[in-house]
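S.K.: Have a look at the structure that comes next, please.
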Amino acid sequence: LCPPGLPPPCSRAQTWGRSARRLPGLLLAQSRAFSNNKILVELDEGSGVATLKFKSPPVNSLSLDFLTELNISLEKLENNRGCRGVIFTSAIPNVFSSGLDITDMCGKSTEHYAEFWRAVQRMWLTLYGSNMVTIAAINASSSETPSYPAGGCLFALSCDYRIMADNPKFFIGLNESQLGIVAPFWFKDAFVNVVGHRIAERSLQLGLLHPAPEALQLGIVDELVPEEKLQDKAAAVLAQWLALPDHARQLTKSMMRKSVMDRLVTHQEEDVQNFVSFIAKESIQKSLRKYMEMMRKRKG
Ligand code: CO8
């Protein structure tokens with residue numbers, strides 16, 4: 001069901017399909033697949049496990065279009081009683097998600113900023129309050145400098161469990177300060193709930209992106225596994241969580257997360273207006289342009 005205060009899922013053109021997984025001569029559990037432009041979902045109706053893949057090249061940035069499709073897919077799974085758990089991963093080889101799309105926060109109208117921010121809020125409330133077991137399988141294989149910044153990190157932090165491909169070149173964190181912007185209170189709350197106040201405060205003030213081994217040590221991710229074992233490990237962890245009665249696990253999750261979600265729900269429109277007035281400031285726009293320029297230069 002839609003979290004309180006959220007608009008109902010909007011309708012958008014989507015491609016639906018049904019498929020049955022077959023081994024030679026044997027019909028296995030039905031698998032239901034649906035996709036739109038940027039999200040791929042496959043639900044195994046036998047196990048109740050879905051895999052949701054991000055596929056928005058080049059770096060799965062969370063643009064307004066991406067978030068709209070993601071929200072529809074999340075809500076569709078949430079409303080499907082047959083779906084008990086989701087593994088989130090990337091269909092793009094080199095990155096899980098590069099965070100919120102900076103171009104949606106730069107040089108646009110205030111109406112656009114407001115619509116964008118409502119989509120970010122809706123994504124977080126749906127994911128953080130999900131009744132399903134949610135596992136982030138943070139993958140990457142080909143890029144030399146993959147990392148999972150800001151909004152990408154928030155997405156992972158909002159899941160029940162995070163497994164990351166084991167590579168010291170991979171980084172994760174809430175790096176907003178590096179962009180000259182400030183992580184909203186609910187990003188901070190979600191971070192504090194995972195790692196505790198002191199680690200979150202230092203990491204947020206400095207806008208740190210932590211290398212994978214440090215992220216494990218700080219508790220930002222729960223496990224590191226070799227890239228090729230990531231999906232199997234995620235499935236095994238999910239099976240463990242699904243072995244428990246749904247109602248007990250769901251009520252416990254709600255008890256742990258509700259106060260943090262309620263804070264946003266209570267101040268949702270105020271939070272939109274704060275975002276719009278902050279992001280539209282010329283000094284902030286300048287910081288974002290500078291950051292984009294720096295990314296371009298780094299590329300050479
Ligand atoms: N938004 C928009 N475009 C992006 C983003 C992004 N977040 N990330 C990368 N891109 C673009 C690049 O500019 C580049 O574009 P082009 O090809 O036109 O030059 C293209 O995607 C590919 O990027 P790279 O060449 O850098 O790809 P790599 O594989 O070498 O690196 C990385 C991938 C590591 C993800 C790298 O792109 C990177 O570090 N990106 C920066 C990401 C970042 O800092 N994101 C933070 C966004 S802010 C956020 O999520 C929370 C904001 C909260 C707002 C609160 C305000 C109140």
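Naming scheme: A, B, ... for chains in displayed order of the structure tokens; residues 1 onward per chain; ligands 1 onward as shown.
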What do you get as an MDAnalysis selection string if you pick all residues at most 7 Å from ligand 1, counting only C-alpha atoms and all ligand atoms?

M.R.: chainID A and resid 58:59 61 94:95 97:103 143 145:152 175:176 179 181:184 275 278:279 292 295:296 299

S.K.: Could you give me, as a list of chain:residue names, the residues within 8 Å of Thr126 (chain A), counting only C-alpha atoms and dropping anything in the same chain fewer than 2 positions from it?

M.R.: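 Here the qualifying residues turn out to be A:Cys2, A:Pro3, A:Asn71, A:Leu74, A:Glu75, A:Arg122, A:Met123, A:Trp124, A:Tyr128, A:Gly129, A:Ser130.
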
S.K.: Kindly save the residues from that selection, with N, CA and C atoms included, as a PDB file, in the first residue's frame.

M.R.:
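The resulting selection_11.pdb:
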ATOM      1  N   CYS A   2       0.315   2.317  -0.479  1.00  0.00           N
ATOM      2  CA  CYS A   2       1.056   3.576  -0.517  1.00  0.00           C
ATOM      3  C   CYS A   2       1.330   4.066   0.906  1.00  0.00           C
ATOM      4  N   PRO A   3       2.564   4.480   1.205  1.00  0.00           N
ATOM      5  CA  PRO A   3       2.801   5.069   2.524  1.00  0.00           C
ATOM      6  C   PRO A   3       1.926   6.308   2.712  1.00  0.00           C
ATOM      7  N   ASN A  71       9.504   4.114  -8.655  1.00  0.00           N
ATOM      8  CA  ASN A  71       8.389   4.174  -7.700  1.00  0.00           C
ATOM      9  C   ASN A  71       7.225   3.293  -8.143  1.00  0.00           C
ATOM     10  N   LEU A  74       8.296  -0.321  -7.533  1.00  0.00           N
ATOM     11  CA  LEU A  74       8.306  -0.650  -6.094  1.00  0.00           C
ATOM     12  C   LEU A  74       6.885  -0.832  -5.569  1.00  0.00           C
ATOM     13  N   GLU A  75       6.015   0.079  -5.969  1.00  0.00           N
ATOM     14  CA  GLU A  75       4.635   0.019  -5.464  1.00  0.00           C
ATOM     15  C   GLU A  75       3.896  -1.196  -6.023  1.00  0.00           C
ATOM     16  N   ARG A 122       9.071  10.052  -2.192  1.00  0.00           N
ATOM     17  CA  ARG A 122       8.169   8.911  -2.398  1.00  0.00           C
ATOM     18  C   ARG A 122       8.979   7.615  -2.489  1.00  0.00           C
ATOM     19  N   MET A 123      10.099   7.669  -3.199  1.00  0.00           N
ATOM     20  CA  MET A 123      10.964   6.492  -3.317  1.00  0.00           C
ATOM     21  C   MET A 123      11.414   6.044  -1.926  1.00  0.00           C
ATOM     22  N   TRP A 124      11.871   7.024  -1.136  1.00  0.00           N
ATOM     23  CA  TRP A 124      12.430   6.658   0.169  1.00  0.00           C
ATOM     24  C   TRP A 124      11.356   6.104   1.104  1.00  0.00           C
ATOM     25  N   TYR A 128      11.844   2.485   2.477  1.00  0.00           N
ATOM     26  CA  TYR A 128      12.173   2.396   3.907  1.00  0.00           C
ATOM     27  C   TYR A 128      11.041   1.723   4.689  1.00  0.00           C
ATOM     28  N   GLY A 129       9.807   1.953   4.237  1.00  0.00           N
ATOM     29  CA  GLY A 129       8.661   1.385   4.953  1.00  0.00           C
ATOM     30  C   GLY A 129       8.165   0.092   4.341  1.00  0.00           C
ATOM     31  N   SER A 130       8.949  -0.478   3.440  1.00  0.00           N
ATOM     32  CA  SER A 130       8.446  -1.659   2.720  1.00  0.00           C
ATOM     33  C   SER A 130       8.187  -2.843   3.657  1.00  0.00           C
TER      34      SER A 130
END

S.K.: Using only C-alpha atoms, which residue out of A:Ser63, A:Leu157, A:Gly207, A:Ala33 lies closest to Gly219 (chain A)?

M.R.: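 Nearest to Gly219 (chain A): A:Leu157.
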
S.K.: Between A:Phe171, A:Arg81, A:Met132, A:Ile92, which has the minimum distance to Pro57 (chain A) (counting only C-alpha atoms)?

M.R.: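 Of the candidates, the smallest distance to Pro57 (chain A) is held by A:Ile92.
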
S.K.: Which residues in region 86-209 of chain A does DSSP call alpha helix (DSSP H)? List them as a PyMOL selection string.

M.R.: chain A and resi 110-128+150-157+185-195+197-206
